[in-house]
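Q: The structure that follows is given in the form of structure tokens.
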Amino acid sequence: MKHLNKLFAAALLFAGLTSQAQDSNNPWAVSFGVNGVDTKVSAVGNDSPKFIQLLNVKENWNILPSVSYLNVSRYVGDGFSFGVTGSVNSIDKWVTRVDGTESTDLVSNPGNLKYYAFDAVIKYSFMDLLKSKWLDPSINIGGGYNFLGDASAGTVNGGLGLTFWFTEHVGLQFQSTYKHSFDDNRVAGQDVPTHIQHFAGLSFKFGGKDTDGDGIYDKDDACPEVAGLPEFKGCPDTDKDGIQDSEDACPEEAGTKELNGCPDTDGDGIINKEDACPDDKGTKMMNGCPDADGDGVADKDDKCPTVAGAKDNAGCPWPDTDNDGVADKDDKCPTVAGTVANNGCPEVSDDTMKKLNDYGKTILFNSGKASFQKQTIPVLKAMAAILKEYPTAKFSLEGHTDNTGSDASNQKLSEDRAAAVKNFLVENGIDASRLSSKGFGESMPVDSNKTAKGKANNRRVEVKLVK
């Protein structure tokens, strides 16, 4: 008996350490407690179980005041479990039938018979049908082998049970089992009569595997190796935003379902991890950044955030010194107002060309030479000043003579005089690449060479705009 008590204590410790919740997930159960044996049932005139008589505890029950039974069972599915029970008792109340009558007689001291029983039990629980988490009625059938004093016999068993589950894995169990014996005699110590055995004890369920310890068993856990939540079948929701990690594009940052679990701090519809300005409401075109002046340069990169400018000038407008509508960077005449069509430079007008040619007609050369008379110098400077107003325009200087002298000499003289004008203008600030010179001799007169006035008109330098 001492060793059996130690066995029960060890079973209690094992059950306490390994028990976990939920019947269907914990296939193993251990139950232990006290048992009572009642021998009256086979002494009342027939062998039918009369459970109402079980209430007469004082006269009939044999109870050993110690842990006296141990049941180990395994759940096999659909409410059924299979188990084995071992129990011990001491029979000091033996009920016999009075010969020739239907009366019974209690033998108070039949010899203190030792009782041992080993039973196989198939139990069906009504707990799932009742959809209850704490009330667990059951029925059971089975068979066993019983030792009573020097006698032993097999029995066919059937019974009822009721368990109250205090928690999901610890319960208080009551059970009564009718054990039908095929031993017809009722001699104490020599026979094993049909009897009823009652059990009362604690029951523990265990055996469910929960690898990640999240309270959801592996067979029902979609993420068995990572602790999770019941609403996600055991899968985690690290950022606690109501979206499980496997479906959360931002599992470590709380977000919204509309954005697949990602946050959008500034509410611009662009998730933080794709938003170049997560704290400032912006536009998709600007990758989530604001563009106050609408120039296509985000404010964070715009050196002129309130004035529309150019992307290649950090969001600032390009300067236009001469205010002609052409930015200095594109203006070939940045300090002189011009036209867009002429790259910011002024276009040479007909009036300007007339003025240049009027000056050209008054250029005076020393007779037969390409040198200038002194009074012509202001005219040449005036021409240089006009050309400076059109810094990109190109001009051709064309020399002409009257018919005095030979054609060859007049041709050379016209070329030299045109070249002399070009050289003067270059020396006075006009880029040589803008000027060209050539002579036409006496071949293109504009007046008659028969008069002095006509010859004077034919001696000229014309200015042509090169387009």
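Lettering and numbering for the structure tokens are positional, with chains as A, B, ... in the shown order, residues counted from 1 in each chain, and ligands counted from 1 in the shown order.
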If you run DSSP on the backbone, which residues of region 292-429 of chain A are strand (DSSP E), as a VMD selection string?
A: chain A and resid 394 to 400
Q: Give me the residues within 10 Å of Gly158 (chain A) as a list in words, counting only C-alpha atoms and dropping any in the same chain fewer than 6 places off.
A: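 Once the adjacent positions are removed, what remains is Val121, Ile122, Lys123, Ile139, Asn140, Ile141, Gly142, Gly143, Ser176, Thr177, Tyr178, Lys179, His180 and Ile196 of chain A.
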Q: Which one of A:Ser246, A:Gln175, A:Ser181, A:Asn449 sits closest to Thr39 (chain A) if you count only C-alpha atoms?
A: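 So, comparing all the options, the nearest one is A:Ser181.
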Q: So that I can see what lies close to Asn25 (chain A), please list as an MDAnalysis selection string the residues with an atom at most 8 Å from it, counting only C-alpha atoms and leaving out residues fewer than 4 positions away in the same chain.
A: chainID A and resid 21 207:209 217
Q: Hey, can you spit out that residue selection with all heavy atoms as a short mmCIF file (atom, residue, chain, number, x, y, z; two decimals), in the first residue's frame?
A:
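Written output follows (result09.cif):
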```
data_model
loop_
_atom_site.label_atom_id
_atom_site.label_comp_id
_atom_site.auth_asym_id
_atom_site.auth_seq_id
_atom_site.Cartn_x
_atom_site.Cartn_y
_atom_site.Cartn_z
N ALA A 21 -4.56 22.46 -21.87
CA ALA A 21 -5.99 22.68 -22.09
C ALA A 21 -6.52 21.94 -23.31
O ALA A 21 -5.78 21.46 -24.15
CB ALA A 21 -6.24 24.17 -22.25
N GLY A 207 -0.92 15.94 -22.89
CA GLY A 207 -0.39 15.29 -24.09
C GLY A 207 -0.46 16.13 -25.35
O GLY A 207 0.10 15.76 -26.37
N GLY A 208 -1.16 17.26 -25.31
CA GLY A 208 -1.21 18.12 -26.49
C GLY A 208 0.15 18.78 -26.73
O GLY A 208 0.83 19.18 -25.80
N LYS A 209 0.54 18.88 -27.98
CA LYS A 209 1.83 19.48 -28.33
C LYS A 209 1.63 20.93 -28.77
O LYS A 209 0.87 21.21 -29.71
CB LYS A 209 2.50 18.69 -29.45
CG LYS A 209 3.92 19.15 -29.76
CD LYS A 209 4.55 18.29 -30.84
CE LYS A 209 5.98 18.75 -31.12
NZ LYS A 209 6.60 17.93 -32.20
N TYR A 217 -2.60 24.35 -30.08
CA TYR A 217 -1.87 23.12 -30.32
C TYR A 217 -1.42 23.01 -31.78
O TYR A 217 -2.06 23.52 -32.69
CB TYR A 217 -2.72 21.93 -29.91
CG TYR A 217 -2.98 21.96 -28.43
CD1 TYR A 217 -4.13 22.55 -27.92
CD2 TYR A 217 -2.03 21.47 -27.54
CE1 TYR A 217 -4.36 22.63 -26.56
CE2 TYR A 217 -2.24 21.55 -26.17
CZ TYR A 217 -3.40 22.13 -25.69
OH TYR A 217 -3.61 22.21 -24.34
#
```
Q: Please measure the separation of CA of Ala227 (chain A) and CA of Cys250 (chain A), giving the value in Å to one decimal.
A: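 CA of Ala227 (chain A) sits 18.2 Å away from CA of Cys250 (chain A).
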Q: Let me make sure I understand: among A:Val297, A:Val426, A:Ala420, A:Val461, which one has the smallest atom-to-atom distance to Gly441 (chain A) if we use only C-alpha atoms?
A: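 Between A:Val297, A:Val426, A:Ala420, A:Val461, the residue approaching Gly441 (chain A) most closely is A:Val461.
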Q: Near Gly261 (chain A), within 10 Å and counting only C-alpha atoms, which residues show up once chain neighbours fewer than 3 positions away are dropped, as a ChimeraX atom specification?
A: /A:239-245,247-258,264,271
Q: How would the residues just picked look written out with all heavy atoms as a compact mmCIF listing (two decimals), in the first residue's frame?
A:
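The result, written out as selection-v2.txt:
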```txt
# COMPACT_ATOMS: atom_id res chain seq x y z
N ASP A 239 3.10 43.69 -34.84
CA ASP A 239 2.82 45.11 -34.59
C ASP A 239 1.43 45.36 -34.02
O ASP A 239 1.04 46.51 -33.82
CB ASP A 239 3.03 45.94 -35.85
CG ASP A 239 2.23 45.41 -37.03
OD1 ASP A 239 1.26 44.66 -36.81
OD2 ASP A 239 2.57 45.75 -38.18
N LYS A 240 0.66 44.26 -33.81
CA LYS A 240 -0.67 44.36 -33.18
C LYS A 240 -1.61 45.31 -33.92
O LYS A 240 -2.36 46.07 -33.32
CB LYS A 240 -0.53 44.79 -31.71
CG LYS A 240 0.21 43.79 -30.85
CD LYS A 240 0.30 44.26 -29.41
CE LYS A 240 0.95 43.20 -28.53
NZ LYS A 240 2.30 42.82 -28.97
N ASP A 241 -1.56 45.24 -35.26
CA ASP A 241 -2.46 46.10 -36.03
C ASP A 241 -3.66 45.34 -36.58
O ASP A 241 -4.41 45.87 -37.41
CB ASP A 241 -1.71 46.79 -37.17
CG ASP A 241 -1.07 45.81 -38.14
OD1 ASP A 241 -1.24 44.58 -37.94
OD2 ASP A 241 -0.40 46.26 -39.09
N GLY A 242 -3.84 44.08 -36.11
CA GLY A 242 -4.97 43.29 -36.56
C GLY A 242 -4.75 42.60 -37.88
O GLY A 242 -5.69 42.05 -38.45
N ILE A 243 -3.53 42.59 -38.37
CA ILE A 243 -3.19 41.92 -39.63
C ILE A 243 -2.02 40.99 -39.34
O ILE A 243 -0.96 41.44 -38.89
CB ILE A 243 -2.79 42.94 -40.72
CG1 ILE A 243 -3.91 43.95 -40.94
CG2 ILE A 243 -2.45 42.22 -42.01
CD1 ILE A 243 -3.52 45.12 -41.81
N GLN A 244 -2.21 39.70 -39.58
CA GLN A 244 -1.16 38.76 -39.24
C GLN A 244 0.08 38.99 -40.10
O GLN A 244 0.00 39.45 -41.24
CB GLN A 244 -1.64 37.32 -39.39
CG GLN A 244 -1.96 36.88 -40.81
CD GLN A 244 -2.56 35.49 -40.83
OE1 GLN A 244 -3.68 35.26 -40.40
NE2 GLN A 244 -1.79 34.54 -41.31
N ASP A 245 1.23 38.67 -39.53
CA ASP A 245 2.51 39.00 -40.16
C ASP A 245 2.62 38.49 -41.58
O ASP A 245 3.20 39.17 -42.45
CB ASP A 245 3.66 38.43 -39.32
CG ASP A 245 3.83 39.18 -38.00
OD1 ASP A 245 3.10 40.16 -37.78
OD2 ASP A 245 4.69 38.79 -37.19
N GLU A 247 0.54 38.30 -43.85
CA GLU A 247 -0.21 39.11 -44.79
C GLU A 247 0.06 40.60 -44.61
O GLU A 247 -0.57 41.44 -45.25
CB GLU A 247 -1.72 38.85 -44.62
CG GLU A 247 -2.11 37.40 -44.87
CD GLU A 247 -3.58 37.14 -44.60
OE1 GLU A 247 -4.29 38.09 -44.22
OE2 GLU A 247 -4.02 35.98 -44.76
N ASP A 248 1.03 40.90 -43.76
CA ASP A 248 1.34 42.29 -43.40
C ASP A 248 2.61 42.72 -44.13
O ASP A 248 3.69 42.14 -43.93
CB ASP A 248 1.54 42.39 -41.89
CG ASP A 248 1.48 43.84 -41.39
OD1 ASP A 248 1.89 44.73 -42.15
OD2 ASP A 248 1.04 44.06 -40.25
N ALA A 249 2.48 43.71 -45.02
CA ALA A 249 3.64 44.19 -45.77
C ALA A 249 4.63 44.92 -44.86
O ALA A 249 5.79 45.08 -45.22
CB ALA A 249 3.19 45.12 -46.90
N CYS A 250 4.16 45.35 -43.68
CA CYS A 250 5.03 46.02 -42.71
C CYS A 250 4.77 45.38 -41.34
O CYS A 250 4.10 45.98 -40.49
CB CYS A 250 4.74 47.52 -42.66
SG CYS A 250 4.92 48.38 -44.25
N PRO A 251 5.27 44.15 -41.13
CA PRO A 251 4.90 43.40 -39.92
C PRO A 251 5.38 44.00 -38.60
O PRO A 251 4.87 43.64 -37.56
CB PRO A 251 5.54 42.02 -40.16
CG PRO A 251 6.66 42.28 -41.12
CD PRO A 251 6.19 43.40 -42.00
N GLU A 252 6.34 44.91 -38.64
CA GLU A 252 6.86 45.49 -37.40
C GLU A 252 6.39 46.92 -37.17
O GLU A 252 6.80 47.56 -36.20
CB GLU A 252 8.39 45.43 -37.41
CG GLU A 252 8.92 44.00 -37.42
CD GLU A 252 10.42 43.93 -37.36
OE1 GLU A 252 11.06 45.01 -37.41
OE2 GLU A 252 10.96 42.82 -37.26
N GLU A 253 5.51 47.43 -38.06
CA GLU A 253 4.97 48.77 -37.91
C GLU A 253 3.45 48.70 -38.06
O GLU A 253 2.96 48.21 -39.08
CB GLU A 253 5.54 49.73 -38.96
CG GLU A 253 7.03 49.96 -38.88
CD GLU A 253 7.50 50.89 -39.97
OE1 GLU A 253 7.75 50.42 -41.09
OE2 GLU A 253 7.60 52.11 -39.72
N ALA A 254 2.74 49.19 -37.07
CA ALA A 254 1.28 49.13 -37.11
C ALA A 254 0.76 49.99 -38.26
O ALA A 254 1.18 51.14 -38.43
CB ALA A 254 0.69 49.61 -35.79
N GLY A 255 -0.15 49.38 -39.06
CA GLY A 255 -0.70 50.11 -40.19
C GLY A 255 -2.18 49.82 -40.36
O GLY A 255 -2.87 49.45 -39.42
N THR A 256 -2.67 50.00 -41.58
CA THR A 256 -4.09 49.81 -41.87
C THR A 256 -4.27 48.70 -42.90
O THR A 256 -3.36 48.40 -43.67
CB THR A 256 -4.71 51.10 -42.41
OG1 THR A 256 -4.08 51.44 -43.69
CG2 THR A 256 -4.50 52.26 -41.45
N LYS A 257 -5.47 48.12 -42.89
CA LYS A 257 -5.76 47.06 -43.85
C LYS A 257 -5.74 47.60 -45.28
O LYS A 257 -5.33 46.91 -46.21
CB LYS A 257 -7.14 46.46 -43.56
CG LYS A 257 -7.18 45.64 -42.27
CD LYS A 257 -8.54 45.01 -42.06
CE LYS A 257 -8.54 44.17 -40.78
NZ LYS A 257 -9.87 43.54 -40.54
N GLU A 258 -6.17 48.86 -45.46
CA GLU A 258 -6.19 49.44 -46.80
C GLU A 258 -4.80 49.53 -47.40
O GLU A 258 -4.64 49.48 -48.62
CB GLU A 258 -6.81 50.85 -46.75
CG GLU A 258 -8.29 50.88 -46.41
CD GLU A 258 -8.57 50.65 -44.93
OE1 GLU A 258 -7.62 50.72 -44.11
OE2 GLU A 258 -9.73 50.39 -44.59
N ASP A 264 0.91 55.09 -42.64
CA ASP A 264 0.98 56.29 -43.48
C ASP A 264 0.81 57.47 -42.54
O ASP A 264 -0.28 57.98 -42.37
CB ASP A 264 -0.11 56.24 -44.55
CG ASP A 264 -0.17 57.52 -45.37
OD1 ASP A 264 0.84 58.25 -45.39
OD2 ASP A 264 -1.22 57.80 -45.98
N ILE A 271 2.61 54.79 -48.23
CA ILE A 271 3.12 54.19 -46.99
C ILE A 271 4.50 54.75 -46.65
O ILE A 271 5.26 55.14 -47.53
CB ILE A 271 3.18 52.66 -47.12
CG1 ILE A 271 4.12 52.23 -48.26
CG2 ILE A 271 1.80 52.08 -47.34
CD1 ILE A 271 4.30 50.71 -48.34
```
Q: With distances taken over only C-alpha atoms, which residue among A:Phe182, A:Phe372, A:Trp165, A:Trp94 lies nearest Ala419 (chain A)?
A: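 Ranking A:Phe182, A:Phe372, A:Trp165, A:Trp94 by distance to Ala419 (chain A), first place goes to A:Phe372.
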Q: Measure the distance from CA of Lys464 (chain A) to CA of Asp330 (chain A) in Å and round it to one decimal.
A: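 Spanning CA of Lys464 (chain A) to CA of Asp330 (chain A) is a straight-line distance of 26.7 Å.
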Q: Just give me the gap between CA of Thr352 (chain A) and CA of Gly439 (chain A) in Å, one decimal is fine.
A: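 Computing it gives 22.4 Å between the two atoms.
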Q: Using only C-alpha atoms, which of the listed residues (A:Ile377, A:Arg460, A:Pro391, A:Lys329) sits closest to Ala418 (chain A)?
A: A:Arg460
